[in-house]
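Participant: A single structure is presented below for examination.
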Amino acid sequence: MHSHTQASDGMQPPADNVRLARDKGLGAVAITDHDTVAGIAEALKAGRTYGITVVPGVEISTRAGGKDIHVLGYYIDPADELFLSRLAGLRDTRAQRNELILSKLRSLGIEITMEQVILGMGRELQPDESIGRPHIADELVRLGAAEDMRDAFNKYLAEGAAAFVSPLRIAPQEACEWILAAGGSPVLAHPGLYGDDLLVRDILEKCPLTGIEVYHSDHGPAEEERYLALAEEYKLAVTGGSDFHGARQGVVFHGDLGSVTVGVEVLERLKPQGSTANR
């Protein structure tokens with residue numbers, strides 16, 4: 001219920017995520033790229049080919065309580081013009097953020113440009129795709145400024161690190177409203193990564209969420225227990241996902257596809273009434 005493709009900062013084409021889901025015996029896979037739905041059409045087509053349910057989704061970047069907060073949207077209409085224009089605005093903000101990060105890196109003595117980052121992808125950037133920090137991390141590794149992606153994030157790109165930048169973003173509540181307006185169901189992503197359960201509770205109080213990602217590659221048993229209790233308290237759907245991005249430098253970041261799963265009954269809880277999404 002949480003995977004990324006080359007449309008944002010994943011390593012694989014959308015069809016490969018769907019094929020891998022089939023190979024691992026999954027009943028469904030969600031495509032949830034950052035601030036874009038560019039990979040959904042290919043994934044839906046692959047779903048029909050491989051006999052896998054593809055959940056059209058997105059992961060929207062927001063800001064609250066001084067932290068970057070991600071909101072997943074499931075069963076959104078990927079052709080909704082208003083939603084597409086809103087996502088385009090978020091990608092503009094992401095692009096500005098990226099240039100500020102590169103500027104900070106240059107001020108630290110690391111000669112890096114966006115042209116280098118895109119060239120390092122080994123392919124042309126397609127329309128509506130987004131560049132993320134993992135792409136910048138890849139270039140830092142190529143330049144010898146970091147040993148691997150995790151090292152690049154720890155030194156430069158993670159919150160509080162030397163080149164971290166967080167521009168003005170929309171609030172989680174606004175992201176939820178956008179997702180609902182596009183016919184989808186909003187879910188709070190990986191609450192354990194925020195390190196602030198008071199903030200998580202505040203978001204649950206304020207936002208019209210359908211669910212919370214209780215199970216995630218970076219959640220331990222204690223986090224799962226806490227967020228399962230919050231899901232019950234707020235009567236939210238319990239979701240989970242690997243946050244699959246593929247392998248970089250031979251290492252799968254977050255988790256491998258299928259390493260964190262939930263029952264297919266969760267799909268019915270997330271699917272808005274009247275949805276004609278791929279089954």
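In the structure tokens, the first chain shown is A, the next is B, and so on; residue numbers restart at 1 for each chain, and ligands run from 1 in the order shown.
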So which residues touch A:Val55 within 10 Å, counting only C-alpha atoms, skipping near sequence neighbours fewer than 5 positions away, as a list of chain:residue names?

Facilitator: A:Met1, A:His2, A:Ala28, A:Val29, A:Ala30, A:Ile31, A:Thr32, A:Ile40, A:Ala43, A:Leu44, A:Gly47, A:Gly73, A:Tyr74, A:Tyr75, A:Ile76, A:Leu267, A:Leu270, A:Lys271, A:Ala277, A:Asn278, A:Arg279

Participant: Which neighbours of A:Gly122 fall inside 12 Å, counting only C-alpha atoms, when residues of the same chain fewer than 3 positions from it are skipped, and could you give them as number ranges by chain?

Facilitator: A: 6, 11, 115-119, 125, 135, 138-139

Participant: Measuring between only C-alpha atoms, which one of A:Gly27, A:Gly183, A:Pro208, A:Pro221 shows the shortest distance to A:Pro56?

Facilitator: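 Nearest to A:Pro56: A:Gly183.
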
Participant: Mind checking which residues fall within 10 Å of stretch 14-21 of chain A, counting only C-alpha atoms, ignoring those fewer than 5 positions away in the same chain, and posting them as a count of residues only?

Facilitator: 34

Participant: Quick one: pick out all strand (DSSP E) residues within stretch 22-169 of chain A from a backbone DSSP run and write them as a PyMOL selection string.

Facilitator: chain A and resi 28-31+53-64+67-74

Participant: Only N, CA, C and O atoms, please: the residues just picked out, written as a compact mmCIF listing (two decimals), in the first residue's frame.

Facilitator:
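Wrote out-v4.txt, looks like this:
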# COMPACT_ATOMS: atom_id res chain seq x y z
N ALA A 28 -2.66 -6.95 -4.29
CA ALA A 28 -2.80 -5.57 -4.74
C ALA A 28 -1.52 -4.80 -4.45
O ALA A 28 -0.72 -5.20 -3.59
N VAL A 29 -1.33 -3.70 -5.15
CA VAL A 29 -0.21 -2.81 -4.89
C VAL A 29 -0.68 -1.38 -5.14
O VAL A 29 -1.45 -1.13 -6.07
N ALA A 30 -0.27 -0.46 -4.28
CA ALA A 30 -0.60 0.95 -4.47
C ALA A 30 0.61 1.69 -5.01
O ALA A 30 1.75 1.46 -4.58
N ILE A 31 0.37 2.56 -5.97
CA ILE A 31 1.41 3.43 -6.52
C ILE A 31 1.21 4.81 -5.89
O ILE A 31 0.20 5.47 -6.13
N THR A 53 -4.53 -6.08 -8.64
CA THR A 53 -5.25 -4.84 -8.35
C THR A 53 -4.25 -3.71 -8.11
O THR A 53 -3.35 -3.84 -7.28
N VAL A 54 -4.39 -2.65 -8.86
CA VAL A 54 -3.54 -1.47 -8.68
C VAL A 54 -4.38 -0.35 -8.07
O VAL A 54 -5.41 0.03 -8.62
N VAL A 55 -3.94 0.13 -6.93
CA VAL A 55 -4.62 1.23 -6.26
C VAL A 55 -3.96 2.54 -6.69
O VAL A 55 -2.78 2.76 -6.40
N PRO A 56 -4.69 3.41 -7.39
CA PRO A 56 -4.11 4.69 -7.78
C PRO A 56 -3.94 5.59 -6.56
O PRO A 56 -4.90 5.82 -5.82
N GLY A 57 -2.73 6.06 -6.35
CA GLY A 57 -2.47 6.85 -5.15
C GLY A 57 -1.47 7.95 -5.37
O GLY A 57 -0.99 8.20 -6.48
N VAL A 58 -1.14 8.62 -4.28
CA VAL A 58 -0.19 9.73 -4.29
C VAL A 58 0.30 9.93 -2.86
O VAL A 58 -0.36 9.50 -1.90
N GLU A 59 1.46 10.53 -2.70
CA GLU A 59 1.96 10.91 -1.38
C GLU A 59 2.27 12.41 -1.43
O GLU A 59 3.17 12.84 -2.15
N ILE A 60 1.49 13.17 -0.66
CA ILE A 60 1.58 14.62 -0.72
C ILE A 60 2.46 15.15 0.42
O ILE A 60 2.31 14.75 1.57
N SER A 61 3.36 16.05 0.06
CA SER A 61 4.26 16.66 1.03
C SER A 61 3.58 17.86 1.70
O SER A 61 3.09 18.76 1.02
N THR A 62 3.56 17.86 3.03
CA THR A 62 2.95 18.96 3.78
C THR A 62 3.90 19.35 4.91
O THR A 62 4.95 18.75 5.11
N ARG A 63 3.50 20.34 5.69
CA ARG A 63 4.32 20.81 6.81
C ARG A 63 3.41 21.13 7.99
O ARG A 63 2.37 21.79 7.84
N ALA A 64 3.80 20.66 9.16
CA ALA A 64 3.05 20.96 10.38
C ALA A 64 3.97 20.78 11.58
O ALA A 64 4.81 19.89 11.60
N LYS A 67 7.68 20.20 11.09
CA LYS A 67 8.16 18.95 10.50
C LYS A 67 7.49 18.70 9.15
O LYS A 67 6.36 19.12 8.92
N ASP A 68 8.21 18.00 8.28
CA ASP A 68 7.61 17.54 7.02
C ASP A 68 6.69 16.37 7.33
O ASP A 68 7.12 15.38 7.95
N ILE A 69 5.44 16.48 6.91
CA ILE A 69 4.43 15.45 7.15
C ILE A 69 3.91 14.98 5.79
O ILE A 69 3.60 15.80 4.92
N HIS A 70 3.81 13.67 5.62
CA HIS A 70 3.33 13.13 4.36
C HIS A 70 1.93 12.55 4.52
O HIS A 70 1.64 11.85 5.49
N VAL A 71 1.08 12.86 3.54
CA VAL A 71 -0.29 12.36 3.52
C VAL A 71 -0.47 11.52 2.26
O VAL A 71 -0.25 12.00 1.14
N LEU A 72 -0.84 10.26 2.45
CA LEU A 72 -1.12 9.37 1.33
C LEU A 72 -2.56 9.55 0.89
O LEU A 72 -3.47 9.72 1.72
N GLY A 73 -2.78 9.51 -0.42
CA GLY A 73 -4.14 9.56 -0.96
C GLY A 73 -4.39 8.32 -1.80
O GLY A 73 -3.64 8.04 -2.73
N TYR A 74 -5.44 7.57 -1.46
CA TYR A 74 -5.77 6.34 -2.18
C TYR A 74 -7.06 6.51 -2.99
O TYR A 74 -8.00 7.17 -2.54
